[in-house]
>>> print(open('data.cif').read())   # mmCIF, N, CA and C atoms
data_query
loop_
_atom_site.label_atom_id
_atom_site.label_comp_id
_atom_site.auth_asym_id
_atom_site.auth_seq_id
_atom_site.Cartn_x
_atom_site.Cartn_y
_atom_site.Cartn_z
N MET A 58 23.50 1.75 47.89
CA MET A 58 24.55 2.70 48.21
C MET A 58 24.87 2.59 49.70
N LYS A 59 26.15 2.59 49.98
CA LYS A 59 26.62 2.49 51.36
C LYS A 59 27.36 3.78 51.71
N GLU A 60 27.37 4.15 52.98
CA GLU A 60 28.12 5.32 53.43
C GLU A 60 29.14 4.89 54.48
N ILE A 61 30.34 5.47 54.37
CA ILE A 61 31.39 5.21 55.35
C ILE A 61 32.13 6.51 55.65
N GLU A 62 32.88 6.51 56.72
CA GLU A 62 33.74 7.64 57.09
C GLU A 62 35.17 7.30 56.68
N GLY A 63 35.93 8.32 56.28
CA GLY A 63 37.33 8.08 55.97
C GLY A 63 37.86 9.01 54.90
N ASP A 64 39.04 8.70 54.43
CA ASP A 64 39.71 9.46 53.38
C ASP A 64 39.60 8.66 52.08
N ILE A 65 38.95 9.22 51.09
CA ILE A 65 38.72 8.51 49.82
C ILE A 65 40.03 8.09 49.16
N TRP A 66 41.09 8.86 49.37
CA TRP A 66 42.37 8.53 48.74
C TRP A 66 43.00 7.26 49.32
N ASP A 67 42.61 6.90 50.54
CA ASP A 67 43.07 5.62 51.09
C ASP A 67 42.56 4.46 50.24
N TYR A 68 41.34 4.57 49.74
CA TYR A 68 40.77 3.52 48.90
C TYR A 68 41.42 3.50 47.53
N HIS A 69 41.77 4.66 47.03
CA HIS A 69 42.48 4.76 45.76
C HIS A 69 43.85 4.09 45.88
N GLU A 70 44.53 4.33 46.98
CA GLU A 70 45.85 3.73 47.20
C GLU A 70 45.76 2.20 47.29
N GLU A 71 44.59 1.69 47.64
CA GLU A 71 44.36 0.24 47.68
C GLU A 71 43.94 -0.31 46.32
N ASN A 72 44.16 0.50 45.27
CA ASN A 72 43.91 0.11 43.89
C ASN A 72 42.42 0.03 43.53
N ASN A 73 41.59 0.83 44.21
CA ASN A 73 40.17 0.91 43.90
C ASN A 73 39.90 2.13 43.02
N TRP A 74 38.80 2.09 42.31
CA TRP A 74 38.34 3.24 41.52
C TRP A 74 37.68 4.24 42.45
N ILE A 75 37.98 5.53 42.24
CA ILE A 75 37.31 6.58 43.00
C ILE A 75 36.71 7.59 42.04
N VAL A 76 35.78 8.37 42.56
CA VAL A 76 35.10 9.41 41.81
C VAL A 76 35.60 10.76 42.29
N ILE A 77 35.85 11.66 41.32
CA ILE A 77 36.12 13.05 41.67
C ILE A 77 35.02 13.90 41.05
N THR A 78 34.51 14.83 41.83
CA THR A 78 33.50 15.73 41.32
C THR A 78 34.18 16.83 40.50
N THR A 79 33.51 17.23 39.41
CA THR A 79 34.10 18.18 38.48
C THR A 79 33.06 19.19 38.02
N ASN A 80 33.52 20.11 37.17
CA ASN A 80 32.66 21.12 36.57
C ASN A 80 32.95 21.14 35.07
N GLY A 81 32.30 22.04 34.36
CA GLY A 81 32.49 22.10 32.91
C GLY A 81 33.20 23.35 32.43
N THR A 82 33.95 24.01 33.31
CA THR A 82 34.60 25.27 32.96
C THR A 82 36.02 25.04 32.46
N LEU A 83 36.31 25.59 31.28
CA LEU A 83 37.65 25.49 30.71
C LEU A 83 38.40 26.81 30.90
N LYS A 84 39.70 26.69 31.17
CA LYS A 84 40.57 27.87 31.25
C LYS A 84 40.94 28.29 29.83
N ASN A 85 41.60 29.44 29.71
CA ASN A 85 42.04 29.93 28.40
C ASN A 85 42.96 28.94 27.69
N ASP A 86 43.74 28.17 28.45
CA ASP A 86 44.66 27.20 27.83
C ASP A 86 43.97 25.88 27.48
N GLY A 87 42.67 25.79 27.72
CA GLY A 87 41.91 24.59 27.38
C GLY A 87 41.83 23.56 28.49
N SER A 88 42.52 23.78 29.59
CA SER A 88 42.47 22.82 30.69
C SER A 88 41.22 23.06 31.53
N LEU A 89 40.80 22.03 32.23
CA LEU A 89 39.62 22.10 33.08
C LEU A 89 39.95 22.80 34.39
N VAL A 90 39.05 23.65 34.87
CA VAL A 90 39.22 24.28 36.18
C VAL A 90 39.07 23.20 37.25
N MET A 91 40.11 23.01 38.04
CA MET A 91 40.11 22.00 39.11
C MET A 91 40.86 22.57 40.32
N GLY A 92 40.37 23.69 40.85
CA GLY A 92 41.12 24.43 41.85
C GLY A 92 40.72 24.24 43.29
N LYS A 93 39.70 23.41 43.57
CA LYS A 93 39.26 23.23 44.95
C LYS A 93 38.80 21.80 45.18
N GLY A 94 38.68 21.45 46.44
CA GLY A 94 38.10 20.18 46.83
C GLY A 94 38.84 18.97 46.32
N ILE A 95 38.08 17.91 46.07
CA ILE A 95 38.68 16.65 45.63
C ILE A 95 39.31 16.78 44.25
N ALA A 96 38.80 17.70 43.42
CA ALA A 96 39.40 17.92 42.10
C ALA A 96 40.83 18.44 42.26
N LEU A 97 41.03 19.37 43.17
CA LEU A 97 42.38 19.88 43.42
C LEU A 97 43.28 18.78 43.98
N GLN A 98 42.75 17.96 44.87
CA GLN A 98 43.53 16.85 45.40
C GLN A 98 43.98 15.91 44.29
N ALA A 99 43.09 15.69 43.31
CA ALA A 99 43.44 14.83 42.17
C ALA A 99 44.55 15.47 41.33
N VAL A 100 44.47 16.79 41.12
CA VAL A 100 45.50 17.49 40.34
C VAL A 100 46.86 17.41 41.04
N GLU A 101 46.86 17.48 42.36
CA GLU A 101 48.12 17.38 43.11
C GLU A 101 48.76 16.02 42.90
N ARG A 102 47.97 15.00 42.69
CA ARG A 102 48.48 13.65 42.44
C ARG A 102 48.77 13.40 40.96
N PHE A 103 47.96 13.99 40.09
CA PHE A 103 48.04 13.76 38.66
C PHE A 103 48.01 15.10 37.92
N PRO A 104 49.14 15.79 37.82
CA PRO A 104 49.17 17.14 37.25
C PRO A 104 48.67 17.25 35.81
N GLN A 105 48.69 16.17 35.05
CA GLN A 105 48.23 16.21 33.66
C GLN A 105 46.70 16.16 33.55
N LEU A 106 46.03 15.86 34.62
CA LEU A 106 44.58 15.64 34.59
C LEU A 106 43.78 16.83 34.06
N PRO A 107 44.04 18.08 34.45
CA PRO A 107 43.23 19.19 33.91
C PRO A 107 43.31 19.32 32.39
N SER A 108 44.47 19.10 31.82
CA SER A 108 44.60 19.17 30.35
C SER A 108 43.84 18.03 29.69
N LEU A 109 43.99 16.83 30.21
CA LEU A 109 43.29 15.66 29.68
C LEU A 109 41.78 15.86 29.73
N LEU A 110 41.28 16.27 30.89
CA LEU A 110 39.83 16.45 31.05
C LEU A 110 39.33 17.65 30.25
N GLY A 111 40.16 18.68 30.13
CA GLY A 111 39.78 19.83 29.32
C GLY A 111 39.52 19.45 27.88
N CYS A 112 40.38 18.60 27.32
CA CYS A 112 40.18 18.11 25.94
C CYS A 112 38.87 17.34 25.83
N TYR A 113 38.61 16.51 26.80
CA TYR A 113 37.39 15.70 26.79
C TYR A 113 36.15 16.60 26.86
N VAL A 114 36.14 17.55 27.80
CA VAL A 114 34.99 18.43 27.96
C VAL A 114 34.79 19.28 26.70
N LYS A 115 35.87 19.75 26.11
CA LYS A 115 35.78 20.54 24.87
C LYS A 115 35.14 19.72 23.75
N ASP A 116 35.55 18.47 23.62
CA ASP A 116 35.07 17.63 22.52
C ASP A 116 33.71 16.98 22.77
N TYR A 117 33.41 16.62 24.03
CA TYR A 117 32.22 15.81 24.31
C TYR A 117 31.24 16.44 25.29
N GLY A 118 31.63 17.52 25.95
CA GLY A 118 30.76 18.15 26.92
C GLY A 118 31.04 17.69 28.33
N ASN A 119 30.27 18.20 29.25
CA ASN A 119 30.46 17.99 30.68
C ASN A 119 29.75 16.71 31.13
N HIS A 120 30.42 15.57 30.94
CA HIS A 120 29.82 14.27 31.24
C HIS A 120 30.76 13.42 32.09
N VAL A 121 30.21 12.36 32.64
CA VAL A 121 31.00 11.39 33.40
C VAL A 121 32.04 10.78 32.48
N LEU A 122 33.26 10.63 33.01
CA LEU A 122 34.35 10.06 32.21
C LEU A 122 35.22 9.16 33.08
N PRO A 123 35.39 7.89 32.70
CA PRO A 123 36.38 7.06 33.38
C PRO A 123 37.77 7.38 32.82
N VAL A 124 38.70 7.65 33.71
CA VAL A 124 40.08 7.93 33.30
C VAL A 124 40.90 6.71 33.72
N MET A 125 41.06 5.80 32.76
CA MET A 125 41.63 4.49 33.01
C MET A 125 43.00 4.53 33.69
N GLN A 126 43.91 5.38 33.17
CA GLN A 126 45.28 5.36 33.68
C GLN A 126 45.38 5.81 35.14
N TYR A 127 44.36 6.50 35.65
CA TYR A 127 44.42 6.97 37.04
C TYR A 127 43.41 6.29 37.95
N LYS A 128 42.56 5.42 37.39
CA LYS A 128 41.49 4.75 38.14
C LYS A 128 40.59 5.78 38.83
N ILE A 129 40.22 6.79 38.02
CA ILE A 129 39.35 7.87 38.48
C ILE A 129 38.17 7.96 37.52
N ILE A 130 37.00 8.27 38.08
CA ILE A 130 35.83 8.55 37.26
C ILE A 130 35.38 9.97 37.61
N THR A 131 35.25 10.81 36.59
CA THR A 131 34.76 12.16 36.86
C THR A 131 33.25 12.12 37.04
N PHE A 132 32.75 13.08 37.82
CA PHE A 132 31.33 13.14 38.14
C PHE A 132 30.94 14.62 38.17
N PRO A 133 30.49 15.16 37.04
CA PRO A 133 30.13 16.57 37.01
C PRO A 133 29.01 16.92 37.99
N VAL A 134 29.24 17.97 38.76
CA VAL A 134 28.21 18.49 39.67
C VAL A 134 27.89 19.95 39.37
N LYS A 135 28.76 20.61 38.59
CA LYS A 135 28.57 22.02 38.22
C LYS A 135 28.87 22.18 36.74
N ASN A 136 28.17 23.11 36.11
CA ASN A 136 28.55 23.50 34.76
C ASN A 136 29.59 24.61 34.82
N ASP A 137 29.47 25.49 35.80
CA ASP A 137 30.39 26.61 36.00
C ASP A 137 30.96 26.50 37.40
N TRP A 138 32.27 26.53 37.53
CA TRP A 138 32.91 26.33 38.83
C TRP A 138 32.51 27.40 39.84
N ARG A 139 32.06 28.57 39.38
CA ARG A 139 31.72 29.67 40.28
C ARG A 139 30.35 29.52 40.91
N LYS A 140 29.55 28.59 40.42
CA LYS A 140 28.17 28.46 40.88
C LYS A 140 28.01 27.30 41.85
N VAL A 141 26.85 27.26 42.46
CA VAL A 141 26.49 26.16 43.36
C VAL A 141 26.23 24.92 42.52
N ALA A 142 26.50 23.77 43.07
CA ALA A 142 26.24 22.51 42.37
C ALA A 142 24.77 22.43 41.96
N ASP A 143 24.53 21.72 40.86
CA ASP A 143 23.22 21.62 40.25
C ASP A 143 22.66 20.21 40.46
N THR A 144 21.53 20.11 41.17
CA THR A 144 20.97 18.78 41.45
C THR A 144 20.56 18.05 40.17
N LYS A 145 20.13 18.79 39.14
CA LYS A 145 19.78 18.13 37.87
C LYS A 145 21.01 17.51 37.22
N LEU A 146 22.13 18.19 37.32
CA LEU A 146 23.38 17.65 36.79
C LEU A 146 23.83 16.44 37.62
N ILE A 147 23.60 16.48 38.91
CA ILE A 147 23.94 15.33 39.77
C ILE A 147 23.10 14.11 39.38
N VAL A 148 21.82 14.32 39.09
CA VAL A 148 20.97 13.22 38.63
C VAL A 148 21.54 12.63 37.34
N ARG A 149 21.85 13.50 36.38
CA ARG A 149 22.40 13.02 35.11
C ARG A 149 23.71 12.27 35.32
N SER A 150 24.57 12.79 36.20
CA SER A 150 25.85 12.12 36.47
C SER A 150 25.63 10.77 37.12
N CYS A 151 24.65 10.67 38.01
CA CYS A 151 24.32 9.36 38.61
C CYS A 151 23.91 8.36 37.54
N ILE A 152 23.05 8.79 36.64
CA ILE A 152 22.58 7.91 35.56
C ILE A 152 23.75 7.49 34.68
N GLU A 153 24.61 8.45 34.32
CA GLU A 153 25.74 8.14 33.45
C GLU A 153 26.75 7.21 34.11
N ILE A 154 27.02 7.39 35.39
CA ILE A 154 28.03 6.55 36.03
C ILE A 154 27.52 5.11 36.16
N VAL A 155 26.24 4.94 36.43
CA VAL A 155 25.68 3.59 36.48
C VAL A 155 25.74 2.95 35.10
N TYR A 156 25.41 3.71 34.07
CA TYR A 156 25.48 3.20 32.69
C TYR A 156 26.91 2.75 32.36
N ILE A 157 27.87 3.59 32.69
CA ILE A 157 29.27 3.25 32.41
C ILE A 157 29.67 1.97 33.14
N CYS A 158 29.30 1.87 34.41
CA CYS A 158 29.67 0.68 35.18
C CYS A 158 28.92 -0.56 34.72
N ASP A 159 27.69 -0.40 34.24
CA ASP A 159 26.89 -1.54 33.80
C ASP A 159 27.23 -1.99 32.38
N ILE A 160 27.28 -1.05 31.47
CA ILE A 160 27.35 -1.38 30.06
C ILE A 160 28.77 -1.29 29.52
N GLN A 161 29.35 -0.11 29.58
CA GLN A 161 30.66 0.08 28.96
C GLN A 161 31.72 -0.81 29.60
N TRP A 162 31.73 -0.91 30.91
CA TRP A 162 32.75 -1.70 31.58
C TRP A 162 32.60 -3.17 31.28
N HIS A 163 31.38 -3.60 31.10
CA HIS A 163 31.12 -5.01 30.86
C HIS A 163 31.88 -5.52 29.63
N TYR A 164 32.05 -4.66 28.65
CA TYR A 164 32.74 -5.06 27.43
C TYR A 164 34.25 -5.01 27.56
N MET A 165 34.75 -4.16 28.44
CA MET A 165 36.20 -4.03 28.59
C MET A 165 36.75 -4.85 29.75
N PHE A 166 36.01 -4.91 30.81
CA PHE A 166 36.43 -5.59 32.03
C PHE A 166 35.23 -6.31 32.61
N LYS A 167 35.45 -6.96 33.71
CA LYS A 167 34.31 -7.42 34.48
C LYS A 167 33.69 -6.19 35.13
N GLN A 168 32.44 -6.29 35.53
CA GLN A 168 31.80 -5.15 36.17
C GLN A 168 32.57 -4.75 37.43
N LEU A 169 32.59 -3.46 37.68
CA LEU A 169 33.24 -2.96 38.90
C LEU A 169 32.43 -3.41 40.11
N SER A 170 33.11 -3.90 41.12
CA SER A 170 32.38 -4.33 42.32
C SER A 170 32.20 -3.19 43.31
N LYS A 171 33.15 -2.23 43.34
CA LYS A 171 33.05 -1.09 44.25
C LYS A 171 33.60 0.16 43.58
N VAL A 172 32.90 1.26 43.78
CA VAL A 172 33.35 2.58 43.34
C VAL A 172 33.14 3.52 44.52
N TYR A 173 34.19 4.23 44.90
CA TYR A 173 34.14 5.12 46.06
C TYR A 173 33.98 6.56 45.59
N LEU A 174 33.05 7.28 46.21
CA LEU A 174 32.82 8.66 45.82
C LEU A 174 32.58 9.55 47.02
N PRO A 175 32.91 10.84 46.88
CA PRO A 175 32.58 11.78 47.95
C PRO A 175 31.08 12.11 47.88
N ARG A 176 30.60 12.89 48.81
CA ARG A 176 29.21 13.35 48.74
C ARG A 176 29.12 14.37 47.60
N PRO A 177 28.54 13.97 46.46
CA PRO A 177 28.58 14.85 45.29
C PRO A 177 27.79 16.14 45.49
N GLY A 178 28.46 17.26 45.17
CA GLY A 178 27.82 18.57 45.27
C GLY A 178 27.84 19.17 46.65
N CYS A 179 28.30 18.43 47.63
CA CYS A 179 28.39 18.93 49.00
C CYS A 179 29.81 19.46 49.22
N GLY A 180 30.05 20.19 50.25
CA GLY A 180 31.37 20.79 50.43
C GLY A 180 31.51 22.00 49.54
N VAL A 181 32.48 22.00 48.63
CA VAL A 181 32.71 23.12 47.72
C VAL A 181 31.48 23.39 46.85
N GLY A 182 30.71 22.36 46.54
CA GLY A 182 29.51 22.52 45.72
C GLY A 182 28.39 23.29 46.38
N GLY A 183 28.43 23.39 47.71
CA GLY A 183 27.47 24.22 48.43
C GLY A 183 26.13 23.59 48.75
N LEU A 184 25.91 22.34 48.39
CA LEU A 184 24.64 21.68 48.70
C LEU A 184 24.73 20.94 50.03
N ASN A 185 23.58 20.65 50.61
CA ASN A 185 23.51 19.86 51.84
C ASN A 185 23.32 18.40 51.49
N TRP A 186 23.94 17.52 52.25
CA TRP A 186 23.83 16.09 52.01
C TRP A 186 22.38 15.63 52.11
N GLU A 187 21.59 16.24 52.98
CA GLU A 187 20.19 15.86 53.12
C GLU A 187 19.42 16.07 51.80
N GLU A 188 19.88 17.03 50.99
CA GLU A 188 19.26 17.31 49.70
C GLU A 188 19.76 16.35 48.62
N VAL A 189 21.03 15.96 48.70
CA VAL A 189 21.66 15.15 47.65
C VAL A 189 21.51 13.65 47.92
N LYS A 190 21.48 13.26 49.16
CA LYS A 190 21.42 11.83 49.51
C LYS A 190 20.26 11.09 48.86
N PRO A 191 19.02 11.65 48.86
CA PRO A 191 17.92 10.92 48.20
C PRO A 191 18.15 10.71 46.70
N ILE A 192 18.83 11.65 46.06
CA ILE A 192 19.15 11.50 44.64
C ILE A 192 20.09 10.31 44.46
N CYS A 193 21.14 10.28 45.27
CA CYS A 193 22.12 9.19 45.17
C CYS A 193 21.47 7.85 45.49
N GLU A 194 20.64 7.82 46.52
CA GLU A 194 19.98 6.56 46.90
C GLU A 194 19.06 6.05 45.79
N LYS A 195 18.46 6.95 45.04
CA LYS A 195 17.55 6.54 43.96
C LYS A 195 18.29 5.87 42.82
N TYR A 196 19.50 6.33 42.51
CA TYR A 196 20.20 5.86 41.32
C TYR A 196 21.39 4.93 41.58
N LEU A 197 22.09 5.13 42.69
CA LEU A 197 23.33 4.39 42.92
C LEU A 197 23.07 3.13 43.74
N ASP A 198 23.53 2.00 43.26
CA ASP A 198 23.29 0.73 43.93
C ASP A 198 24.42 0.40 44.91
N GLU A 199 24.45 -0.85 45.34
CA GLU A 199 25.39 -1.29 46.38
C GLU A 199 26.86 -1.23 45.96
N ARG A 200 27.13 -1.08 44.67
CA ARG A 200 28.52 -0.93 44.22
C ARG A 200 29.13 0.39 44.64
N PHE A 201 28.29 1.38 44.90
CA PHE A 201 28.77 2.74 45.17
C PHE A 201 28.85 2.98 46.67
N VAL A 202 30.03 3.44 47.08
CA VAL A 202 30.29 3.70 48.50
C VAL A 202 30.62 5.18 48.66
N VAL A 203 29.77 5.88 49.41
CA VAL A 203 29.99 7.31 49.65
C VAL A 203 30.92 7.44 50.87
N VAL A 204 32.04 8.11 50.64
CA VAL A 204 33.05 8.30 51.68
C VAL A 204 32.93 9.73 52.20
N ASN A 205 32.60 9.85 53.48
CA ASN A 205 32.48 11.16 54.12
C ASN A 205 33.69 11.40 54.99
N ARG A 206 34.33 12.50 54.75
CA ARG A 206 35.52 12.83 55.54
C ARG A 206 35.14 13.63 56.74
#
>>> encode(input="data.cif", output="structure tokens")
Amino acid sequence: MKEIEGDIWDYHEENNWIVITTNGTLKNDGSLVMGKGIALQAVERFPQLPSLLGCYVKDYGNHVLPVMQYKIITFPVKNDWRKVADTKLIVRSCIEIVYICDIQWHYMFKQLSKVYLPRPGCGVGGLNWEEVKPICEKYLDERFVVVNR
């Protein structure tokens, strides 16, 4: 895992895959709550995303999801948007994203060479990077680039 400074959306504009942190809370209309942080930034760019992700979470649960048409991978850090990010969920999301990049992608595409992500669970999630960084370092390899703004 590598760390850099910058705006994650600059990498997305260069046609790279990026990660957005998410939660598992659905609104009454079935759309996913995406009202703050990088999730809100994604909604501003892709207004259909909360409805799409809401359907996925309703059917499959709060798991990592590659969204092909937007070159985004969701990374759950919270089960409930009102709570602090959950380090156990971050561990599970790390395991799932590596699995997706290793196994699932291999059958559809060549393996991804780089995936850019924010500091998961930090910022709106309320965790400190010093607490989350060792988790990320344990599971995420050199393909994953943490972008700190």
>>> resolve_selection(input="data.cif", expression="the PyMOL selection byres ((chain A and resi 81-95) around 7)", output="list of chain:residue names")
A:Ile77, A:Thr78, A:Thr79, A:Asn80, A:Ala96, A:Leu97, A:Gln98, A:Ala99, A:Val100, A:Leu106, A:Pro107, A:Ser108, A:Leu109, A:Leu110, A:Gly111, A:Cys112, A:Val114, A:Gly118, A:Asn119, A:Pro133, A:Val134, A:Lys135, A:Asn136, A:Asp137, A:Trp138, A:Val181
>>> select_by_dssp(input="data.cif", residues="chain A", states="helix (DSSP H, G or I)", output="PyMOL selection string")
chain A and resi 65-70+94-102+106-117+125-127+144-165+180-182+186-196
>>> residues_near_point(input="data.cif", point="(23.0, 18.4, 41.8)", cutoff="8 Å", atoms="all atoms listed in the file", output="number ranges by chain")
A: 133-135, 141-149, 177-179, 184, 188-189
>>> closest_residue(input="data.cif", among="A:Asp159, A:Val204, A:Asp198, A:Tyr127", to="Pro175 in chain A", atoms="all atoms listed in the file")
A:Val204
>>> closest_atom_pairs(input="data.cif", of="range 103-186 of chain A", to="range 64-76 of chain A", cutoff="6 Å", atoms="all atoms listed in the file", output="Markdown table")
| residue | atom | partner | partner_atom | distance |
| --- | --- | --- | --- | --- |
| A:Lys128 | C | A:Ile75 | N | 4.3 |
| A:Ile129 | CA | A:Ile75 | C | 4.4 |
| A:Ile130 | N | A:Ile75 | C | 4.0 |
| A:Thr131 | N | A:Val76 | CA | 5.4 |
| A:Phe132 | N | A:Val76 | C | 5.8 |
| A:Lys171 | C | A:Trp74 | N | 5.7 |
| A:Val172 | CA | A:Trp74 | C | 4.7 |
| A:Tyr173 | C | A:Val76 | N | 4.0 |
| A:Leu174 | CA | A:Val76 | N | 4.4 |
| A:Pro175 | N | A:Val76 | C | 5.3 |
>>> atom_distance(input="data.cif", atom1="atom C of Arg206 in chain A", atom2="atom C of Tyr156 in chain A")
27.9 Å
>>> atom_distance(input="data.cif", atom1="atom N of Lys115 in chain A", atom2="CA of Cys193 in chain A")
25.8 Å
>>> select_by_dssp(input="data.cif", residues="range 106-171 of chain A", states="strand (DSSP E or B)", output="list in words")
Leu122, Pro123, Val124, Ile129, Ile130, Thr131, Phe132 and Pro133 of chain A
>>> atom_distance(input="data.cif", atom1="atom N of Met58 in chain A", atom2="atom N of Pro191 in chain A")
10.9 Å
>>> closest_residue(input="data.cif", among="A:Ile160, A:Ile152, A:Leu197, A:Val121", to="Lys59 in chain A", atoms="all atoms listed in the file")
A:Leu197
